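One file, entry-v9.txt, carrying compact mmCIF, C-alpha atoms:
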```
# COMPACT_ATOMS: atom_id res chain seq x y z
CA MET X 1 -113.16 57.15 -33.84
CA GLU X 2 -114.19 60.80 -34.15
CA GLY X 3 -116.13 62.61 -31.44
CA TYR X 4 -116.88 65.95 -29.83
CA VAL X 5 -115.79 66.98 -26.31
CA LEU X 6 -117.42 69.70 -24.21
CA HIS X 7 -116.87 70.78 -20.63
CA THR X 8 -118.90 72.89 -18.23
CA TYR X 9 -119.03 73.72 -14.54
CA GLY X 10 -120.63 76.19 -12.16
CA SER X 11 -123.91 77.89 -12.99
CA GLU X 12 -126.77 75.94 -14.55
CA ARG X 13 -126.82 78.38 -17.45
CA TYR X 14 -123.50 76.99 -18.68
CA LEU X 15 -124.99 73.52 -18.73
CA ARG X 16 -127.92 74.90 -20.71
CA HIS X 17 -125.44 76.27 -23.23
CA ALA X 18 -123.78 72.87 -23.64
CA VAL X 19 -127.12 71.13 -24.14
CA ALA X 20 -128.23 73.72 -26.68
CA SER X 21 -124.97 73.35 -28.60
CA VAL X 22 -125.43 69.58 -28.81
CA ILE X 23 -129.01 70.01 -30.03
CA THR X 24 -127.81 72.23 -32.89
CA LEU X 25 -125.03 69.72 -33.63
CA ARG X 26 -127.52 66.87 -33.94
CA ARG X 27 -129.34 68.74 -36.69
CA HIS X 28 -126.34 68.00 -38.88
CA ASP X 29 -124.41 65.11 -37.29
CA THR X 30 -126.37 62.25 -35.71
CA VAL X 31 -123.49 59.78 -35.78
CA ARG X 32 -120.40 61.06 -33.99
CA PRO X 33 -120.61 60.73 -30.19
CA VAL X 34 -120.38 63.62 -27.75
CA ALA X 35 -118.55 63.63 -24.42
CA LEU X 36 -119.27 66.05 -21.59
CA TYR X 37 -117.10 66.71 -18.54
CA ALA X 38 -119.10 68.58 -15.88
CA ASP X 39 -119.33 69.06 -12.15
CA GLU X 40 -121.35 66.71 -9.94
CA GLU X 41 -124.39 68.98 -9.62
CA GLN X 42 -124.69 69.44 -13.36
CA ILE X 43 -124.40 65.71 -14.04
CA GLN X 44 -127.11 65.04 -11.46
CA LEU X 45 -129.35 67.62 -13.13
CA LEU X 46 -128.82 65.96 -16.50
CA LYS X 47 -129.79 62.59 -15.05
CA THR X 48 -132.83 64.03 -13.28
CA THR X 49 -134.13 65.58 -16.50
CA GLY X 50 -133.17 62.63 -18.70
CA LEU X 51 -130.82 64.80 -20.72
CA ASP X 52 -127.84 62.61 -19.87
CA ARG X 53 -128.94 60.58 -22.92
CA LEU X 54 -127.50 63.31 -25.11
CA PHE X 55 -123.97 62.29 -24.18
CA ALA X 56 -122.12 59.07 -24.98
CA VAL X 57 -119.51 59.92 -22.34
CA LEU X 58 -120.49 61.75 -19.16
CA GLU X 59 -117.71 62.25 -16.63
CA VAL X 60 -117.09 64.37 -13.54
CA LEU X 61 -114.66 67.20 -14.22
CA PRO X 62 -112.22 67.23 -11.27
CA PRO X 63 -112.23 70.47 -9.25
CA GLU X 64 -108.61 71.26 -10.16
CA HIS X 65 -109.60 71.35 -13.84
CA ARG X 66 -112.62 73.63 -13.49
CA SER X 67 -111.05 76.63 -15.17
CA ILE X 68 -110.04 77.60 -18.69
CA VAL X 69 -106.38 76.68 -18.27
CA GLY X 70 -107.26 73.84 -15.92
CA PHE X 71 -109.07 72.10 -18.77
CA LYS X 72 -107.43 73.30 -21.97
CA HIS X 73 -103.89 72.95 -20.64
CA HIS X 74 -104.67 69.32 -19.79
CA LEU X 75 -106.56 68.09 -22.85
CA SER X 76 -104.70 64.79 -22.87
CA LYS X 77 -106.55 63.89 -19.65
CA PHE X 78 -109.93 64.46 -21.32
CA LYS X 79 -109.56 62.79 -24.71
CA PRO X 80 -112.10 59.96 -24.87
CA PHE X 81 -111.99 59.56 -28.64
CA GLU X 82 -109.07 58.83 -30.91
CA LYS X 83 -109.86 61.98 -32.86
CA SER X 84 -111.35 64.49 -30.41
CA LEU X 85 -112.77 67.88 -31.31
CA PHE X 86 -112.85 70.09 -28.20
CA VAL X 87 -115.49 72.80 -28.62
CA ASP X 88 -116.80 75.55 -26.38
CA SER X 89 -120.40 75.31 -25.26
CA ASP X 90 -121.42 78.68 -26.72
CA ILE X 91 -121.39 77.37 -30.30
CA VAL X 92 -124.25 76.85 -32.75
CA TRP X 93 -123.61 74.28 -35.46
CA CYS X 94 -124.85 75.52 -38.81
CA ARG X 95 -124.10 72.80 -41.38
CA ASN X 96 -122.89 69.25 -41.92
CA PRO X 97 -119.41 69.07 -40.33
CA ASP X 98 -118.14 66.15 -42.46
CA PRO X 99 -115.96 68.46 -44.64
CA LEU X 100 -114.59 70.04 -41.46
CA TRP X 101 -113.52 66.64 -40.14
CA SER X 102 -111.82 65.99 -43.48
CA MET X 103 -109.85 69.21 -43.08
CA LEU X 104 -108.91 68.34 -39.51
CA SER X 105 -107.68 64.87 -40.45
CA ALA X 106 -104.50 66.43 -41.86
CA PHE X 107 -103.38 67.57 -38.39
CA PRO X 108 -102.04 65.69 -35.36
CA PHE X 109 -103.17 68.69 -33.30
CA THR X 110 -104.51 72.10 -34.23
CA ALA X 111 -106.72 74.96 -33.12
CA THR X 112 -108.57 77.57 -35.12
CA GLY X 113 -106.74 80.85 -35.44
CA LEU X 114 -104.49 82.98 -37.63
CA GLU X 115 -100.87 82.62 -38.66
CA LYS X 116 -100.00 85.98 -37.11
CA ALA X 117 -101.31 87.39 -33.85
CA ASP X 118 -102.13 91.08 -33.73
CA ALA X 119 -100.84 93.45 -31.05
CA TRP X 120 -103.99 93.03 -28.96
CA PHE X 121 -103.55 89.26 -28.57
CA GLY X 122 -102.83 88.63 -24.92
CA GLY X 123 -101.84 92.25 -24.43
CA PRO X 124 -103.39 95.15 -22.53
CA LYS X 125 -106.81 96.24 -23.70
CA GLY X 126 -106.38 99.91 -22.90
CA MET X 127 -103.78 102.58 -23.63
CA GLY X 128 -101.06 100.24 -22.42
CA ILE X 129 -101.02 98.74 -25.90
CA ILE X 130 -99.15 101.86 -27.05
CA TRP X 131 -96.18 101.04 -24.84
CA ASP X 132 -96.17 97.44 -26.03
CA ARG X 133 -95.99 98.62 -29.62
CA LEU X 134 -93.49 101.39 -28.92
CA PHE X 135 -91.03 99.06 -27.20
CA ASP X 136 -91.85 96.11 -29.48
CA ARG X 137 -92.43 93.83 -26.51
CA ARG X 138 -94.00 91.17 -28.72
CA ARG X 139 -90.68 90.70 -30.56
CA ARG X 140 -88.77 90.63 -27.28
CA THR X 141 -90.98 87.81 -26.02
CA MET X 142 -90.48 85.81 -29.21
CA LYS X 143 -86.71 86.31 -29.12
CA ARG X 144 -86.46 85.35 -25.45
CA PHE X 145 -88.22 82.04 -26.07
CA GLY X 146 -86.66 81.32 -29.44
CA LEU X 147 -89.82 81.77 -31.50
CA THR X 148 -89.75 83.03 -35.08
CA TYR X 149 -93.52 83.63 -35.30
CA LEU X 150 -96.50 84.03 -33.00
CA PRO X 151 -99.87 82.76 -34.24
CA ARG X 152 -103.29 83.84 -33.02
CA VAL X 153 -105.07 80.91 -31.39
CA GLN X 154 -108.83 80.90 -30.92
CA ALA X 155 -109.29 78.05 -28.46
CA GLY X 156 -113.04 77.64 -28.93
CA VAL X 157 -112.28 74.83 -31.40
CA ILE X 158 -109.31 72.55 -30.77
CA TYR X 159 -108.64 69.26 -32.56
CA ALA X 160 -106.47 66.51 -31.08
CA ASP X 161 -105.53 63.28 -32.80
CA ASP X 162 -102.01 62.20 -31.85
CA ASN X 163 -101.83 61.58 -28.10
CA GLN X 164 -98.12 62.31 -27.77
CA THR X 165 -98.41 65.62 -29.62
CA THR X 166 -101.43 66.62 -27.54
CA GLN X 167 -99.53 65.99 -24.33
CA ARG X 168 -96.45 67.84 -25.54
CA ILE X 169 -98.52 70.87 -26.57
CA THR X 170 -100.38 71.13 -23.28
CA GLU X 171 -97.25 70.59 -21.17
CA ARG X 172 -95.44 73.26 -23.17
CA ALA X 173 -98.39 75.65 -22.72
CA GLN X 174 -98.29 75.06 -18.96
CA GLN X 175 -94.59 75.95 -18.93
CA PHE X 176 -95.14 79.16 -20.88
CA LEU X 177 -97.99 80.21 -18.59
CA ALA X 178 -95.78 79.62 -15.54
CA ARG X 179 -93.24 82.04 -17.06
CA ARG X 180 -95.78 84.73 -17.98
CA LYS X 181 -93.80 87.46 -16.20
CA GLU X 182 -90.99 86.91 -18.67
CA THR X 183 -93.36 87.72 -21.55
CA HIS X 184 -95.31 90.80 -22.64
CA PHE X 185 -98.62 89.01 -22.08
CA ARG X 186 -101.01 90.27 -19.42
CA SER X 187 -102.83 88.21 -16.84
CA ARG X 188 -106.56 88.44 -17.37
CA LEU X 189 -106.94 88.15 -13.60
CA ASP X 190 -105.35 91.60 -13.31
CA GLU X 191 -108.11 92.96 -15.56
CA GLY X 192 -110.84 91.85 -13.18
CA ARG X 193 -111.71 88.63 -15.01
CA SER X 194 -112.42 85.48 -13.04
CA GLU X 195 -110.25 83.18 -15.18
CA GLU X 196 -106.90 83.21 -16.91
CA SER X 197 -106.68 82.94 -20.69
CA CYS X 198 -105.20 79.82 -22.27
CA GLU X 199 -104.82 81.16 -25.79
CA TRP X 200 -101.47 82.98 -25.83
CA SER X 201 -99.70 80.12 -24.05
CA LEU X 202 -101.19 77.59 -26.48
CA ALA X 203 -100.11 79.86 -29.35
CA MET X 204 -96.53 79.93 -28.05
CA ALA X 205 -96.60 76.15 -27.59
CA MET X 206 -97.82 75.58 -31.14
CA SER X 207 -95.16 77.93 -32.49
CA SER X 208 -92.38 76.27 -30.49
CA LEU X 209 -93.41 72.86 -31.84
CA ASP X 210 -94.04 74.28 -35.33
CA LEU X 211 -97.66 73.13 -35.51
CA PRO X 212 -99.96 75.11 -37.82
CA VAL X 213 -103.27 76.62 -36.81
CA LEU X 214 -106.44 75.92 -38.79
CA HIS X 215 -107.19 79.28 -40.40
CA TRP X 216 -110.65 80.27 -39.24
CA PHE X 217 -111.29 82.65 -42.16
CA GLN X 218 -111.76 80.39 -45.18
CA GLY X 219 -114.67 82.02 -46.95
CA GLN X 220 -117.45 79.53 -47.62
CA ASP X 221 -115.54 76.82 -45.71
CA SER X 222 -114.77 78.84 -42.57
CA PRO X 223 -114.56 76.44 -39.59
CA GLN X 224 -116.12 79.01 -37.30
CA LEU X 225 -117.14 82.64 -37.41
CA ASP X 226 -118.02 84.96 -34.55
CA PHE X 227 -121.60 86.06 -34.00
CA ILE X 228 -121.56 89.85 -34.28
CA GLY X 229 -124.74 91.89 -34.35
CA GLY X 230 -125.39 93.34 -37.78
CA TYR X 231 -123.16 90.77 -39.47
CA VAL X 232 -125.39 87.71 -39.18
CA GLU X 233 -128.79 86.93 -40.68
CA TYR X 234 -130.57 84.17 -38.76
CA ASN X 235 -133.97 82.88 -37.76
CA GLU X 236 -135.16 82.34 -34.20
CA ASP X 237 -133.84 78.80 -33.77
CA PHE X 238 -130.68 79.35 -35.85
CA THR X 239 -131.59 76.70 -38.40
CA GLU X 240 -130.79 79.30 -41.06
CA VAL X 241 -127.57 81.29 -40.64
CA ASN X 242 -125.75 83.57 -43.07
CA CYS X 243 -122.73 85.67 -42.10
CA LEU X 244 -121.48 88.80 -43.83
CA TYR X 245 -117.89 88.06 -44.80
CA TYR X 246 -115.58 90.71 -46.20
CA THR X 247 -112.72 89.20 -48.20
CA ASP X 248 -110.31 92.01 -47.31
CA PRO X 249 -108.62 91.29 -43.93
CA PHE X 250 -108.54 94.95 -42.92
CA ILE X 251 -112.23 95.51 -43.60
CA ARG X 252 -113.06 92.23 -41.90
CA GLY X 253 -111.06 93.28 -38.85
CA LEU X 254 -113.27 96.32 -38.32
CA ARG X 255 -116.17 94.06 -37.32
CA GLY X 256 -114.91 93.95 -33.73
CA LEU X 257 -115.23 97.68 -33.03
CA PRO X 258 -117.61 98.12 -30.09
CA ASN X 259 -119.28 101.26 -31.49
CA GLU X 260 -121.61 100.02 -34.23
CA THR X 261 -122.07 103.47 -35.78
CA LEU X 262 -118.32 104.05 -36.02
CA ARG X 263 -117.79 100.53 -37.31
CA ASN X 264 -120.34 100.89 -40.09
CA MET X 265 -118.98 104.29 -41.07
CA LEU X 266 -115.40 103.03 -41.34
CA VAL X 267 -116.49 99.95 -43.28
CA THR X 268 -118.41 102.16 -45.71
CA VAL X 269 -115.47 104.51 -46.20
CA PHE X 270 -112.69 101.94 -46.56
CA SER X 271 -114.72 99.51 -48.66
CA LYS X 272 -114.91 102.18 -51.37
CA LEU X 273 -111.18 101.82 -51.95
CA PRO X 274 -110.31 99.69 -55.00
CA GLY X 275 -110.47 95.99 -54.20
CA ARG X 276 -111.50 96.54 -50.58
CA GLY X 277 -115.28 96.21 -50.76
CA ASP X 278 -115.68 92.59 -51.88
CA PHE X 279 -117.93 90.55 -49.62
CA MET X 280 -119.95 87.35 -49.56
CA TRP X 281 -122.62 85.71 -47.44
CA VAL X 282 -121.41 82.44 -45.97
CA THR X 283 -122.66 79.73 -43.62
CA PRO X 284 -119.77 78.57 -41.42
CA PHE X 285 -119.66 75.13 -39.88
CA ALA X 286 -119.99 76.73 -36.45
CA LEU X 287 -121.15 80.10 -35.16
CA HIS X 288 -119.28 81.10 -32.01
CA PHE X 289 -120.80 83.47 -29.45
CA GLY X 290 -117.48 84.47 -27.95
CA TRP X 291 -118.08 88.23 -27.65
CA MET X 292 -119.81 89.06 -24.37
CA ARG X 293 -121.74 91.99 -25.83
CA HIS X 294 -123.16 89.74 -28.57
CA LYS X 295 -124.21 86.73 -26.45
CA LEU X 296 -127.88 87.63 -25.82
CA PRO X 297 -129.28 85.73 -28.85
CA TYR X 298 -127.52 82.58 -27.66
CA PHE X 299 -128.84 83.02 -24.13
CA ARG X 300 -132.34 83.16 -25.57
CA LEU X 301 -131.76 80.12 -27.76
CA SER X 302 -130.28 77.99 -24.99
CA ASP X 303 -133.07 78.91 -22.57
CA ALA X 304 -135.73 78.07 -25.17
CA ILE X 305 -134.13 74.71 -25.96
CA TRP X 306 -133.72 73.86 -22.28
CA GLU X 307 -137.32 74.68 -21.47
CA GLU X 308 -138.55 72.59 -24.40
CA LEU X 309 -136.37 69.59 -23.54
CA THR X 310 -137.17 69.60 -19.84
CA ARG X 311 -140.86 69.83 -20.68
CA SER X 312 -141.06 67.17 -23.39
CA GLY X 313 -137.77 65.27 -23.10
CA PRO X 314 -135.00 64.94 -25.70
CA PRO X 315 -135.81 63.61 -29.18
CA THR X 316 -134.69 60.02 -29.50
CA ALA X 317 -132.76 58.02 -32.04
CA THR X 318 -131.00 54.70 -32.10
CA ARG X 319 -127.58 54.65 -30.52
CA SER X 320 -124.90 54.37 -33.19
CA ASP X 321 -122.20 51.73 -33.28
CA GLN X 322 -119.67 54.49 -32.68
CA ASP X 323 -121.40 55.45 -29.45
CA GLN X 324 -121.14 51.90 -28.16
CA GLU X 325 -117.38 51.98 -28.78
CA ALA X 326 -116.85 55.31 -27.00
CA THR X 327 -115.12 53.81 -23.99
CA SER X 328 -111.61 54.66 -22.90
CA PRO X 329 -109.48 53.85 -19.81
CA HIS X 330 -110.48 57.10 -18.09
CA THR X 331 -114.13 57.50 -19.11
CA ASN X 332 -117.47 55.90 -18.37
CA VAL X 333 -120.08 55.48 -21.06
CA VAL X 334 -123.58 56.49 -20.01
CA GLU X 335 -125.82 53.45 -20.33
CA ALA X 336 -128.98 54.41 -22.19
CA ASP X 337 -130.98 53.15 -25.12
CA GLU X 338 -130.86 56.48 -26.91
CA MET X 339 -127.55 58.28 -27.13
CA SER X 340 -127.97 60.64 -30.06
CA ILE X 341 -130.79 62.87 -31.16
CA SER X 342 -132.03 64.34 -34.39
CA GLY X 343 -133.12 67.93 -34.59
```
Show the structure stored in the file as structure tokens.
Amino acid sequence: MEGYVLHTYGSERYLRHAVASVITLRRHDTVRPVALYADEEQIQLLKTTGLDRLFAVLEVLPPEHRSIVGFKHHLSKFKPFEKSLFVDSDIVWCRNPDPLWSMLSAFPFTATGLEKADAWFGGPKGMGIIWDRLFDRRRRTMKRFGLTYLPRVQAGVIYADDNQTTQRITERAQQFLARRKETHFRSRLDEGRSEESCEWSLAMAMSSLDLPVLHWFQGQDSPQLDFIGGYVEYNEDFTEVNCLYYTDPFIRGLRGLPNETLRNMLVTVFSKLPGRGDFMWVTPFALHFGWMRHKLPYFRLSDAIWEELTRSGPPTATRSDQDQEATSPHTNVVEADEMSISG
């Protein structure tokens, strides 16, 4: 059975994000069940508002797993469906995901990303990157751990099918994280962030087990694209989404520059080079609001959806046969007459 898995803890706004993401999912997929692992207060709030009906599986996330690595380095503990798609809560679903599931079916385990990580991946975000490049610390890390390549993992979308592979990947990632001081990767805690990153350790684990990533840049069939201001055309409720997609990797990479004026100038200049200016407008399966400076539209959307649902209640639909089968040894199925909604 195929199903989606989300997790959330802490502030109510994170729960709002998860609910909003499920609402956008149900516009396109009313069949596959959704599981949510959350803290006790959030689960109680869902039950109080009647929004627990949105989830086929609703389980308490243990305190020791209420962190990025606490959850994503232990995915085998939170896999209620045979084929589980772990997705972040700051995602808007934009189209029917059936073709995406077909793509994922080829993998025992994968995550969206790129075959080759750039110098910034897991490294210092300031001038320290110069020293990493000068001394080729990335290569030293790979050689020390016997890796021939280092992919870029974007852990907002992770697919797990084979249970043994999933456990091996997460255990290997835990081991790499424990040996971080032997690598060139930086702790995000040292940068003032509240949580450690799971992505570079998952990338090393996937490389060591020779498991491919699911390339997130696939033109019209991109699994997910980042929401970046000026690169996305959308309406207020995100029922219509089109992303500007440059086919040249270098031009596409400029989208992340924080200064919009500089970004647009460089794109204009370099896109005039022969073969560099090709672009298309695409609708990805999912739109990910992973950049902090570009999250405001999703905050507005999630607040609007939450206010509407808590005022009028969730739309209802008949529980699917898949939802009724969504039990597993370590999960409880929420008993309700309506488990899925239509948007």
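Between X:Arg138 and the residues X:Glu199, X:Glu171, X:Glu182, X:Asp161, the shortest atom-to-atom distance, using all atoms listed in the file, involves X:Glu182.
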Tell me, as a PyMOL selection string, which residues lie within 9 Å of X:Phe299, counting only C-alpha atoms; anything in the same chain fewer than 2 positions away does not count. chain X and resi 13+16-17+90+295-297+301-304
Counting all atoms listed in the file, the residue among X:His184, X:Asn96, X:Tyr149, X:Leu266 that lies closest to X:Gly253 is X:Leu266
Between X:Pro249, X:Gly156, X:Gly122, X:Pro258, which is the closest to X:Thr141 once you count all atoms listed in the file? X:Gly122
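Close contacts of X:Phe270, defined as residues with an atom at most 12 Å away when counting all atoms listed in the file, with chain neighbours fewer than 2 positions off set aside, comprise Tyr246, Asp248, Pro249, Phe250, Ile251, Arg252, Gly253, Leu254, Arg263, Asn264, Met265, Leu266, Val267, Thr268, Lys272, Leu273, Pro274, Gly275, Arg276, Gly277 and Asp278 of chain X.
Closest to X:Val282 among X:Cys94, X:Met1, X:Ala203, X:Leu100 is X:Cys94, based on all atoms listed in the file.
For the choices X:Leu51, X:Val5, X:Cys243, X:Ala35, the atom-to-atom distance to X:Leu309 is smallest for X:Leu51 when using all atoms listed in the file.
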Residues near X:Glu41, cut-off 10 Å, only C-alpha atoms, skip fewer than 5 positions along chain, as a PyMOL selection string: chain X and resi 9-12+46-47+60
Pick out the residues sitting within 6 Å of X:Leu287, and hand them over as a ChimeraX atom specification; count all atoms listed in the file, and ignore anything fewer than 3 positions along from it in its own chain. /X:91-92,224-226
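As for atom CA of X:Thr170 and atom CA of X:His74, they are spaced 5.8 Å apart.
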Which residues are close to X:Trp291, i.e. within 9 Å by only C-alpha atoms, leaving aside same-chain residues fewer than 5 positions away? Reply as a PyMOL selection string. chain X and resi 226-228+256
Could you save the residues just selected, with C-alpha atoms, as a PDB file, keeping the file's coordinate frame?
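Written file, again_20.pdb:
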```pdb
ATOM      1  CA  ASP X 226    -118.020  84.960 -34.550  1.00  0.00           C
ATOM      2  CA  PHE X 227    -121.600  86.060 -34.000  1.00  0.00           C
ATOM      3  CA  ILE X 228    -121.560  89.850 -34.280  1.00  0.00           C
ATOM      4  CA  GLY X 256    -114.910  93.950 -33.730  1.00  0.00           C
TER       5      GLY X 256
END
```
